[in-house]
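K.L.:
What follows is a structure written as structure tokens; I'll ask about it next.
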Amino acid sequence: MDFQVQLQMLADIILAALLGGIIGFERELHRKSAGLRTNMLVAAASAFLVGLGNIVVASFAGVSAEIRTDPIRIIEAVITGVSFLGAGSIIRTRGQNHVEGLTTAAAMLFAATVGVSVALSQYVLAVGATVFVLAVLRGMKFIDAWTVRRRKREVKDHPPPS
């Protein structure tokens with residue numbers, strides 16, 4: 001394998017880790033279980049796996065008609081692995097209608113997707129998507145708080161019948 005290709009792949013892994021770190025830092029600010037390090041590793045691992053997949057596909061291209069490569073399977077494996085990690089961060093309180101960790105799991109999946117984008121050299125898309133997810137995580141927090149306050153006022157003004 002060409003040394004320059006390896007350096008480019010390493011740069012992609014580092015960029016993916018940095019972008020995942022930005023997402024993780026936002027989660028860290030809210031004291032969520034999957035924060036800075038987790039999201040950095042998820043994004044970096046995704047970029048690494050897709051990068052290695054690209055190398056595998058290139059190395060087997062034209063070798064034999066019996067060997068078939070499908071790069072989509074690598075992305076599917078990344079999604080499956082990250083979904084398993086995300087499922088571990090979701091907690092449902094028994095006897096209550098309360099679930100925690102869904103946004104953290106979704107952020108981890110998004111970080112993985114950013115890593116895949118970087119590995120596919122879609123840098124503008126990866127950076128833009130990272131900015132977008134920050135806007136969603138930060139901006140929607142204010143809307144969530146507003147709706148919770150509004151619901152509390154409605155219950156206070158109009159209590160449910162006993």
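Lettering and numbering for the structure tokens are positional, with chains as A, B, ... in the shown order, residues counted from 1 in each chain, and ligands counted from 1 in the shown order.
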Please, which residues of stretch 39-150 of chain A, numbered as in this document, come out strand (DSSP E) from DSSP, as JSON, numbers by chain?

P.N.:
{"A": [91, 92, 93, 98, 99, 100]}

K.L.:
Mind checking which residues fall within 12 Å of A:Phe25, counting only C-alpha atoms, ignoring those fewer than 5 positions away in the same chain, and posting them as a list in words?

P.N.:
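Counting only C-alpha atoms, the residues come to Ala17, Leu18, Leu19, Gly20, His30, Arg31, Lys32, Ser33, Ala34, Gly35, Leu36, Arg37, Thr38, Asn39, Met40, Thr104, Ala107, Met108, Ala111, Thr130, Leu134, Leu137 and Arg138 of chain A.
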
K.L.:
One number please: atom CA of A:Val57 to atom CA of A:Ala119, in Å, one decimal.

P.N.:
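Straight-line distance from atom CA of A:Val57 to atom CA of A:Ala119 works out to 13.9 Å.
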
K.L.:
In Å, with one decimal, what is the gap from atom CA of A:Val116 to atom CA of A:Ile75?

P.N.:
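Taking atom CA of A:Val116 as the start and atom CA of A:Ile75 as the end point, the length is 7.4 Å.
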
K.L.:
Which residue, A:Leu29, A:Ile55, A:Val136, A:Ile13, has the smallest gap to A:Ala43 when you use only C-alpha atoms?

P.N.:
A:Ile13

K.L.:
Which residues, written as a list in words, have at least one atom at most 7 Å from A:Val114, with only C-alpha atoms counted and residues fewer than 3 positions away on the same chain left out?

P.N.:
Ala16, Ala43, Phe110, Ala111, Ser117, Val118 and Ala126 of chain A

K.L.:
Where does stretch 78-101 of chain A meet stretch 49-53 of chain A within 12 Å, residue by residue, with the nearest atom pair and distance in Å to one decimal for each, counting only C-alpha atoms, listed by chain and rising number, as JSON lines?

P.N.:
{"residue": "A:Val78", "atom": "CA", "partner": "A:Leu49", "partner_atom": "CA", "distance": 7.6}
{"residue": "A:Ile79", "atom": "CA", "partner": "A:Leu49", "partner_atom": "CA", "distance": 11.2}
{"residue": "A:Gly81", "atom": "CA", "partner": "A:Leu49", "partner_atom": "CA", "distance": 11.3}

K.L.:
Measuring atom to atom with only C-alpha atoms, identify which of A:Val131, A:Ala11, A:Leu85, A:Val124 is nearest to A:Ala105.

P.N.:
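Going through A:Val131, A:Ala11, A:Leu85, A:Val124 one by one, the smallest distance to A:Ala105 is for A:Leu85.
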
K.L.:
Report, in Å with one decimal, the straight-line distance from atom CA of A:Gly115 to atom CA of A:Ser46.

P.N.:
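That distance, rounded to one decimal, is 5.0 Å.
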
K.L.:
Could you tell me, as a PyMOL selection string, which residues of chain A DSSP assigns to helix (DSSP H, G or I) when given the backbone?

P.N.:
chain A and resi 3-29+36-60+71-88+102-119+123-157

K.L.:
Near A:Ile91, within 10 Å and counting only C-alpha atoms, which residues show up once chain neighbours fewer than 4 positions away are dropped, as a PyMOL selection string?

P.N.:
chain A and resi 87+98-102
